[in-house]
Amino acid sequence: MKNVTDSFVSLGHWPSAGSFGFNTDILATNPINLSVVLGVLIFFGKGVLSDLLDNRKQKILNTIRNSEELRGGAIEQLEKARARLRKVEIEADQYRVNEYSQIERDKFNLINSTYKTLEQRENNKNETIHFEQQRAINQVRQRVFQQALQGALGTLNGCLNNELHLRTISANIGILGAMKEITD
């Protein structure tokens with residue numbers, strides 16, 4: 001905290017003849033820069049992020065509604081299948097002597113196919129929900145990263161003088177060259 005106070009106090013010692021300079025005390029300027037960047041990100045990114053999340057939420061809710069409708073259709077089919085099963089059981093009592101085994105196989109196959117259909121639709125619903133959630137999360141991450149990067153670049157471009165900018169570029173080129181040598 002003393003460094004932050006000293007940075008503001010030191011402003012009074014600078015010549016006031018219209019000159020401009022940079023405070024190179026990194027401990028004093030870094031919290032200020034970070035607070036400005038965070039303030040800009042929060043101020044400008046909050047509305048965009050909120051709208052993006054609301055839209056994504058509506059899409060997910062619509063997907064859930066559609067999945068519930070499909071589930072309702074599957075339950076209706078299950079009820080129809082159960083009604084058909086009851087009918088088959090009545091016929092099985094009538095034909096028990098001659099065709100008992102065939103009717104039991106039909107009943108078993110009908111139940112299995114209905115349950116498989118219902119299970120498959122439930123799995124599809126869960127996969128769709130999971131996919132939409134992951135897609136929403138990835139889009140939010142990408143959007144926040146882009147906004148943070150734009151804010152950081154804007155801050156850097158505003159704070160760097162030509163000499164410091166050229167030194168930073170040279171250092172980054174050196175790092176990339178070293179990384180390329182390591183990968184080769």
# chains A, B, ... in the order shown; residues from 1 in each chain; ligands from 1
>>> residues_around(residues="Leu52 (chain A)", least_positions_apart="2", cutoff="12 Å", atoms="only C-alpha atoms", output="PDB file with all heavy atoms, in the first residue's frame")
ATOM      1  N   GLY A  45     -17.951  -6.150 -20.358  1.00  0.00           N
ATOM      2  CA  GLY A  45     -18.223  -7.569 -20.604  1.00  0.00           C
ATOM      3  C   GLY A  45     -19.448  -8.094 -19.898  1.00  0.00           C
ATOM      4  O   GLY A  45     -19.976  -9.135 -20.260  1.00  0.00           O
ATOM      5  N   LYS A  46     -19.919  -7.381 -18.878  1.00  0.00           N
ATOM      6  CA  LYS A  46     -21.047  -7.891 -18.090  1.00  0.00           C
ATOM      7  C   LYS A  46     -22.313  -8.017 -18.925  1.00  0.00           C
ATOM      8  O   LYS A  46     -22.980  -9.045 -18.906  1.00  0.00           O
ATOM      9  CB  LYS A  46     -21.284  -6.976 -16.892  1.00  0.00           C
ATOM     10  CG  LYS A  46     -22.398  -7.464 -15.978  1.00  0.00           C
ATOM     11  CD  LYS A  46     -22.568  -6.675 -14.695  1.00  0.00           C
ATOM     12  CE  LYS A  46     -22.318  -5.223 -14.790  1.00  0.00           C
ATOM     13  NZ  LYS A  46     -22.676  -4.460 -13.615  1.00  0.00           N
ATOM     14  N   GLY A  47     -22.654  -7.017 -19.700  1.00  0.00           N
ATOM     15  CA  GLY A  47     -23.876  -7.060 -20.507  1.00  0.00           C
ATOM     16  C   GLY A  47     -23.800  -8.110 -21.603  1.00  0.00           C
ATOM     17  O   GLY A  47     -24.738  -8.867 -21.821  1.00  0.00           O
ATOM     18  N   VAL A  48     -22.662  -8.161 -22.282  1.00  0.00           N
ATOM     19  CA  VAL A  48     -22.490  -9.128 -23.369  1.00  0.00           C
ATOM     20  C   VAL A  48     -22.546 -10.539 -22.807  1.00  0.00           C
ATOM     21  O   VAL A  48     -23.216 -11.416 -23.347  1.00  0.00           O
ATOM     22  CB  VAL A  48     -21.152  -8.881 -24.098  1.00  0.00           C
ATOM     23  CG1 VAL A  48     -20.871  -9.994 -25.093  1.00  0.00           C
ATOM     24  CG2 VAL A  48     -21.169  -7.530 -24.794  1.00  0.00           C
ATOM     25  N   LEU A  49     -21.836 -10.759 -21.722  1.00  0.00           N
ATOM     26  CA  LEU A  49     -21.819 -12.084 -21.106  1.00  0.00           C
ATOM     27  C   LEU A  49     -23.197 -12.461 -20.599  1.00  0.00           C
ATOM     28  O   LEU A  49     -23.643 -13.602 -20.771  1.00  0.00           O
ATOM     29  CB  LEU A  49     -20.797 -12.102 -19.960  1.00  0.00           C
ATOM     30  CG  LEU A  49     -20.532 -13.433 -19.293  1.00  0.00           C
ATOM     31  CD1 LEU A  49     -20.029 -14.445 -20.311  1.00  0.00           C
ATOM     32  CD2 LEU A  49     -19.530 -13.268 -18.180  1.00  0.00           C
ATOM     33  N   SER A  50     -23.909 -11.511 -20.026  1.00  0.00           N
ATOM     34  CA  SER A  50     -25.261 -11.787 -19.531  1.00  0.00           C
ATOM     35  C   SER A  50     -26.191 -12.150 -20.674  1.00  0.00           C
ATOM     36  O   SER A  50     -26.953 -13.117 -20.579  1.00  0.00           O
ATOM     37  CB  SER A  50     -25.785 -10.569 -18.776  1.00  0.00           C
ATOM     38  OG  SER A  50     -27.107 -10.782 -18.372  1.00  0.00           O
ATOM     39  N   ASP A  54     -27.990 -15.699 -21.233  1.00  0.00           N
ATOM     40  CA  ASP A  54     -29.456 -15.779 -21.329  1.00  0.00           C
ATOM     41  C   ASP A  54     -29.886 -16.502 -22.596  1.00  0.00           C
ATOM     42  O   ASP A  54     -30.777 -17.359 -22.567  1.00  0.00           O
ATOM     43  CB  ASP A  54     -30.071 -14.374 -21.296  1.00  0.00           C
ATOM     44  CG  ASP A  54     -30.021 -13.745 -19.910  1.00  0.00           C
ATOM     45  OD1 ASP A  54     -29.843 -14.505 -18.930  1.00  0.00           O
ATOM     46  OD2 ASP A  54     -30.157 -12.516 -19.816  1.00  0.00           O
ATOM     47  N   ASN A  55     -29.243 -16.166 -23.717  1.00  0.00           N
ATOM     48  CA  ASN A  55     -29.569 -16.845 -24.975  1.00  0.00           C
ATOM     49  C   ASN A  55     -29.262 -18.330 -24.884  1.00  0.00           C
ATOM     50  O   ASN A  55     -30.044 -19.166 -25.327  1.00  0.00           O
ATOM     51  CB  ASN A  55     -28.781 -16.225 -26.145  1.00  0.00           C
ATOM     52  CG  ASN A  55     -29.278 -14.851 -26.502  1.00  0.00           C
ATOM     53  OD1 ASN A  55     -30.391 -14.472 -26.156  1.00  0.00           O
ATOM     54  ND2 ASN A  55     -28.457 -14.076 -27.179  1.00  0.00           N
ATOM     55  N   ARG A  56     -28.128 -18.664 -24.322  1.00  0.00           N
ATOM     56  CA  ARG A  56     -27.734 -20.062 -24.185  1.00  0.00           C
ATOM     57  C   ARG A  56     -28.704 -20.786 -23.259  1.00  0.00           C
ATOM     58  O   ARG A  56     -29.090 -21.923 -23.505  1.00  0.00           O
ATOM     59  CB  ARG A  56     -26.294 -20.118 -23.651  1.00  0.00           C
ATOM     60  CG  ARG A  56     -25.630 -21.442 -23.719  1.00  0.00           C
ATOM     61  CD  ARG A  56     -25.715 -22.178 -25.018  1.00  0.00           C
ATOM     62  NE  ARG A  56     -25.098 -21.531 -26.118  1.00  0.00           N
ATOM     63  CZ  ARG A  56     -25.378 -21.805 -27.373  1.00  0.00           C
ATOM     64  NH1 ARG A  56     -26.267 -22.723 -27.664  1.00  0.00           N
ATOM     65  NH2 ARG A  56     -24.781 -21.203 -28.337  1.00  0.00           N
ATOM     66  N   LYS A  57     -29.131 -20.105 -22.200  1.00  0.00           N
ATOM     67  CA  LYS A  57     -30.078 -20.706 -21.260  1.00  0.00           C
ATOM     68  C   LYS A  57     -31.399 -21.006 -21.963  1.00  0.00           C
ATOM     69  O   LYS A  57     -31.976 -22.083 -21.771  1.00  0.00           O
ATOM     70  CB  LYS A  57     -30.305 -19.750 -20.081  1.00  0.00           C
ATOM     71  CG  LYS A  57     -31.287 -20.264 -19.050  1.00  0.00           C
ATOM     72  CD  LYS A  57     -31.470 -19.251 -17.929  1.00  0.00           C
ATOM     73  CE  LYS A  57     -32.518 -19.680 -16.941  1.00  0.00           C
ATOM     74  NZ  LYS A  57     -32.710 -18.682 -15.896  1.00  0.00           N
ATOM     75  N   GLN A  58     -31.869 -20.071 -22.811  1.00  0.00           N
ATOM     76  CA  GLN A  58     -33.118 -20.290 -23.537  1.00  0.00           C
ATOM     77  C   GLN A  58     -32.991 -21.474 -24.493  1.00  0.00           C
ATOM     78  O   GLN A  58     -33.913 -22.281 -24.614  1.00  0.00           O
ATOM     79  CB  GLN A  58     -33.528 -19.021 -24.303  1.00  0.00           C
ATOM     80  CG  GLN A  58     -34.070 -17.922 -23.419  1.00  0.00           C
ATOM     81  CD  GLN A  58     -35.282 -18.386 -22.629  1.00  0.00           C
ATOM     82  OE1 GLN A  58     -36.158 -19.061 -23.135  1.00  0.00           O
ATOM     83  NE2 GLN A  58     -35.322 -18.033 -21.354  1.00  0.00           N
ATOM     84  N   LYS A  59     -31.846 -21.574 -25.166  1.00  0.00           N
ATOM     85  CA  LYS A  59     -31.649 -22.690 -26.083  1.00  0.00           C
ATOM     86  C   LYS A  59     -31.653 -24.019 -25.319  1.00  0.00           C
ATOM     87  O   LYS A  59     -32.243 -24.995 -25.771  1.00  0.00           O
ATOM     88  CB  LYS A  59     -30.332 -22.537 -26.849  1.00  0.00           C
ATOM     89  CG  LYS A  59     -30.396 -21.491 -27.943  1.00  0.00           C
ATOM     90  CD  LYS A  59     -29.099 -21.414 -28.704  1.00  0.00           C
ATOM     91  CE  LYS A  59     -29.156 -20.332 -29.776  1.00  0.00           C
ATOM     92  NZ  LYS A  59     -27.897 -20.224 -30.505  1.00  0.00           N
ATOM     93  N   ARG A 135     -21.184 -26.629 -25.199  1.00  0.00           N
ATOM     94  CA  ARG A 135     -21.052 -25.614 -26.235  1.00  0.00           C
ATOM     95  C   ARG A 135     -21.230 -24.212 -25.648  1.00  0.00           C
ATOM     96  O   ARG A 135     -20.495 -23.279 -25.990  1.00  0.00           O
ATOM     97  CB  ARG A 135     -22.062 -25.877 -27.351  1.00  0.00           C
ATOM     98  CG  ARG A 135     -21.776 -25.059 -28.599  1.00  0.00           C
ATOM     99  CD  ARG A 135     -22.547 -25.564 -29.753  1.00  0.00           C
ATOM    100  NE  ARG A 135     -23.929 -25.091 -29.637  1.00  0.00           N
ATOM    101  CZ  ARG A 135     -24.850 -25.276 -30.533  1.00  0.00           C
ATOM    102  NH1 ARG A 135     -24.577 -25.965 -31.612  1.00  0.00           N
ATOM    103  NH2 ARG A 135     -26.071 -24.814 -30.362  1.00  0.00           N
ATOM    104  N   ALA A 136     -22.182 -24.069 -24.747  1.00  0.00           N
ATOM    105  CA  ALA A 136     -22.404 -22.763 -24.110  1.00  0.00           C
ATOM    106  C   ALA A 136     -21.189 -22.355 -23.290  1.00  0.00           C
ATOM    107  O   ALA A 136     -20.746 -21.203 -23.354  1.00  0.00           O
ATOM    108  CB  ALA A 136     -23.648 -22.819 -23.225  1.00  0.00           C
ATOM    109  N   ILE A 137     -20.648 -23.291 -22.527  1.00  0.00           N
ATOM    110  CA  ILE A 137     -19.462 -22.997 -21.710  1.00  0.00           C
ATOM    111  C   ILE A 137     -18.289 -22.604 -22.602  1.00  0.00           C
ATOM    112  O   ILE A 137     -17.580 -21.632 -22.318  1.00  0.00           O
ATOM    113  CB  ILE A 137     -19.119 -24.205 -20.820  1.00  0.00           C
ATOM    114  CG1 ILE A 137     -20.173 -24.360 -19.722  1.00  0.00           C
ATOM    115  CG2 ILE A 137     -17.732 -24.062 -20.211  1.00  0.00           C
ATOM    116  CD1 ILE A 137     -20.072 -25.665 -18.955  1.00  0.00           C
ATOM    117  N   ASN A 138     -18.073 -23.337 -23.691  1.00  0.00           N
ATOM    118  CA  ASN A 138     -16.961 -23.019 -24.585  1.00  0.00           C
ATOM    119  C   ASN A 138     -17.135 -21.660 -25.244  1.00  0.00           C
ATOM    120  O   ASN A 138     -16.171 -20.912 -25.395  1.00  0.00           O
ATOM    121  CB  ASN A 138     -16.809 -24.112 -25.644  1.00  0.00           C
ATOM    122  CG  ASN A 138     -16.257 -25.392 -25.076  1.00  0.00           C
ATOM    123  OD1 ASN A 138     -15.615 -25.381 -24.027  1.00  0.00           O
ATOM    124  ND2 ASN A 138     -16.504 -26.501 -25.735  1.00  0.00           N
ATOM    125  N   GLN A 139     -18.351 -21.331 -25.633  1.00  0.00           N
ATOM    126  CA  GLN A 139     -18.570 -20.019 -26.243  1.00  0.00           C
ATOM    127  C   GLN A 139     -18.346 -18.891 -25.242  1.00  0.00           C
ATOM    128  O   GLN A 139     -17.770 -17.856 -25.583  1.00  0.00           O
ATOM    129  CB  GLN A 139     -19.982 -19.937 -26.821  1.00  0.00           C
ATOM    130  CG  GLN A 139     -20.146 -20.723 -28.099  1.00  0.00           C
ATOM    131  CD  GLN A 139     -21.556 -20.628 -28.653  1.00  0.00           C
ATOM    132  OE1 GLN A 139     -22.461 -20.124 -27.995  1.00  0.00           O
ATOM    133  NE2 GLN A 139     -21.749 -21.117 -29.869  1.00  0.00           N
ATOM    134  N   VAL A 140     -18.773 -19.102 -24.014  1.00  0.00           N
ATOM    135  CA  VAL A 140     -18.554 -18.070 -22.986  1.00  0.00           C
ATOM    136  C   VAL A 140     -17.068 -17.913 -22.721  1.00  0.00           C
ATOM    137  O   VAL A 140     -16.560 -16.793 -22.635  1.00  0.00           O
ATOM    138  CB  VAL A 140     -19.324 -18.436 -21.688  1.00  0.00           C
ATOM    139  CG1 VAL A 140     -18.887 -17.543 -20.545  1.00  0.00           C
ATOM    140  CG2 VAL A 140     -20.809 -18.292 -21.916  1.00  0.00           C
ATOM    141  N   ARG A 141     -16.363 -19.020 -22.610  1.00  0.00           N
ATOM    142  CA  ARG A 141     -14.909 -18.944 -22.385  1.00  0.00           C
ATOM    143  C   ARG A 141     -14.215 -18.208 -23.519  1.00  0.00           C
ATOM    144  O   ARG A 141     -13.358 -17.359 -23.293  1.00  0.00           O
ATOM    145  CB  ARG A 141     -14.322 -20.357 -22.269  1.00  0.00           C
ATOM    146  CG  ARG A 141     -14.579 -21.013 -20.956  1.00  0.00           C
ATOM    147  CD  ARG A 141     -13.943 -22.374 -20.917  1.00  0.00           C
ATOM    148  NE  ARG A 141     -14.266 -23.066 -19.683  1.00  0.00           N
ATOM    149  CZ  ARG A 141     -14.193 -24.354 -19.527  1.00  0.00           C
ATOM    150  NH1 ARG A 141     -13.799 -25.134 -20.515  1.00  0.00           N
ATOM    151  NH2 ARG A 141     -14.496 -24.908 -18.364  1.00  0.00           N
ATOM    152  N   GLN A 142     -14.586 -18.554 -24.748  1.00  0.00           N
ATOM    153  CA  GLN A 142     -13.967 -17.922 -25.898  1.00  0.00           C
ATOM    154  C   GLN A 142     -14.270 -16.424 -25.927  1.00  0.00           C
ATOM    155  O   GLN A 142     -13.386 -15.612 -26.170  1.00  0.00           O
ATOM    156  CB  GLN A 142     -14.473 -18.587 -27.172  1.00  0.00           C
ATOM    157  CG  GLN A 142     -13.800 -18.069 -28.425  1.00  0.00           C
ATOM    158  CD  GLN A 142     -14.313 -18.788 -29.663  1.00  0.00           C
ATOM    159  OE1 GLN A 142     -15.354 -19.399 -29.633  1.00  0.00           O
ATOM    160  NE2 GLN A 142     -13.586 -18.678 -30.754  1.00  0.00           N
ATOM    161  N   ARG A 143     -15.479 -16.063 -25.624  1.00  0.00           N
ATOM    162  CA  ARG A 143     -15.877 -14.651 -25.631  1.00  0.00           C
ATOM    163  C   ARG A 143     -15.128 -13.856 -24.559  1.00  0.00           C
ATOM    164  O   ARG A 143     -14.622 -12.772 -24.819  1.00  0.00           O
ATOM    165  CB  ARG A 143     -17.393 -14.571 -25.410  1.00  0.00           C
ATOM    166  CG  ARG A 143     -17.955 -13.204 -25.542  1.00  0.00           C
ATOM    167  CD  ARG A 143     -17.940 -12.772 -26.990  1.00  0.00           C
ATOM    168  NE  ARG A 143     -18.819 -11.635 -27.121  1.00  0.00           N
ATOM    169  CZ  ARG A 143     -19.588 -11.438 -28.121  1.00  0.00           C
ATOM    170  NH1 ARG A 143     -19.595 -12.277 -29.111  1.00  0.00           N
ATOM    171  NH2 ARG A 143     -20.355 -10.381 -28.168  1.00  0.00           N
ATOM    172  N   VAL A 144     -15.041 -14.425 -23.353  1.00  0.00           N
ATOM    173  CA  VAL A 144     -14.331 -13.753 -22.260  1.00  0.00           C
ATOM    174  C   VAL A 144     -12.849 -13.634 -22.595  1.00  0.00           C
ATOM    175  O   VAL A 144     -12.227 -12.591 -22.363  1.00  0.00           O
ATOM    176  CB  VAL A 144     -14.552 -14.511 -20.935  1.00  0.00           C
ATOM    177  CG1 VAL A 144     -13.614 -14.004 -19.860  1.00  0.00           C
ATOM    178  CG2 VAL A 144     -15.991 -14.370 -20.487  1.00  0.00           C
TER     179      VAL A 144
END
>>> closest_residue(among="A:Lys107, A:Lys116, A:Arg65, A:His165", to="Thr128 (chain A)", atoms="only C-alpha atoms")
A:Arg65
>>> closest_residue(among="A:Phe108, A:Gln134, A:Gln94, A:Leu61", to="Arg82 (chain A)", atoms="only C-alpha atoms")
A:Phe108
>>> closest_residue(among="A:Ala74, A:Ala148, A:Ala171, A:Thr155", to="Ile32 (chain A)", atoms="only C-alpha atoms")
A:Thr155
>>> residues_around(residues="Thr63 (chain A)", least_positions_apart="4", cutoff="12 Å", atoms="only C-alpha atoms", output="JSON list (two decimals) with N, CA and C atoms, in the first residue's frame")
[["chain", "number", "residue", "atom", "x", "y", "z"],
["A", 56, "ARG", "N", -28.13, -18.66, -24.32],
["A", 56, "ARG", "CA", -27.73, -20.06, -24.18],
["A", 56, "ARG", "C", -28.70, -20.79, -23.26],
["A", 57, "LYS", "N", -29.13, -20.10, -22.20],
["A", 57, "LYS", "CA", -30.08, -20.71, -21.26],
["A", 57, "LYS", "C", -31.40, -21.01, -21.96],
["A", 58, "GLN", "N", -31.87, -20.07, -22.81],
["A", 58, "GLN", "CA", -33.12, -20.29, -23.54],
["A", 58, "GLN", "C", -32.99, -21.47, -24.49],
["A", 59, "LYS", "N", -31.85, -21.57, -25.17],
["A", 59, "LYS", "CA", -31.65, -22.69, -26.08],
["A", 59, "LYS", "C", -31.65, -24.02, -25.32],
["A", 67, "SER", "N", -37.01, -32.35, -25.51],
["A", 67, "SER", "CA", -36.70, -33.69, -25.02],
["A", 67, "SER", "C", -37.83, -34.21, -24.15],
["A", 68, "GLU", "N", -38.44, -33.34, -23.36],
["A", 68, "GLU", "CA", -39.57, -33.77, -22.53],
["A", 68, "GLU", "C", -40.75, -34.17, -23.41],
["A", 69, "GLU", "N", -40.96, -33.43, -24.51],
["A", 69, "GLU", "CA", -42.04, -33.79, -25.43],
["A", 69, "GLU", "C", -41.77, -35.16, -26.05],
["A", 70, "LEU", "N", -40.50, -35.38, -26.43],
["A", 70, "LEU", "CA", -40.14, -36.69, -26.97],
["A", 70, "LEU", "C", -40.35, -37.78, -25.92],
["A", 124, "ASN", "N", -30.52, -39.89, -25.68],
["A", 124, "ASN", "CA", -30.39, -38.79, -26.64],
["A", 124, "ASN", "C", -30.67, -37.45, -25.98],
["A", 125, "LYS", "N", -31.67, -37.43, -25.12],
["A", 125, "LYS", "CA", -32.00, -36.19, -24.40],
["A", 125, "LYS", "C", -30.82, -35.76, -23.53],
["A", 126, "ASN", "N", -30.25, -36.70, -22.79],
["A", 126, "ASN", "CA", -29.12, -36.38, -21.91],
["A", 126, "ASN", "C", -27.91, -35.94, -22.70],
["A", 127, "GLU", "N", -27.64, -36.60, -23.82],
["A", 127, "GLU", "CA", -26.51, -36.21, -24.65],
["A", 127, "GLU", "C", -26.71, -34.81, -25.24],
["A", 128, "THR", "N", -27.92, -34.51, -25.65],
["A", 128, "THR", "CA", -28.21, -33.18, -26.20],
["A", 128, "THR", "C", -28.01, -32.10, -25.14],
["A", 129, "ILE", "N", -28.50, -32.36, -23.96],
["A", 129, "ILE", "CA", -28.34, -31.39, -22.86],
["A", 129, "ILE", "C", -26.86, -31.19, -22.56],
["A", 130, "HIS", "N", -26.11, -32.28, -22.45],
["A", 130, "HIS", "CA", -24.69, -32.18, -22.15],
["A", 130, "HIS", "C", -23.95, -31.44, -23.26],
["A", 131, "PHE", "N", -24.27, -31.75, -24.51],
["A", 131, "PHE", "CA", -23.63, -31.08, -25.64],
["A", 131, "PHE", "C", -23.91, -29.59, -25.62],
["A", 132, "GLU", "N", -25.15, -29.21, -25.39],
["A", 132, "GLU", "CA", -25.51, -27.79, -25.37],
["A", 132, "GLU", "C", -24.82, -27.05, -24.21],
["A", 133, "GLN", "N", -24.72, -27.73, -23.07],
["A", 133, "GLN", "CA", -24.04, -27.11, -21.94],
["A", 133, "GLN", "C", -22.56, -26.89, -22.26]]
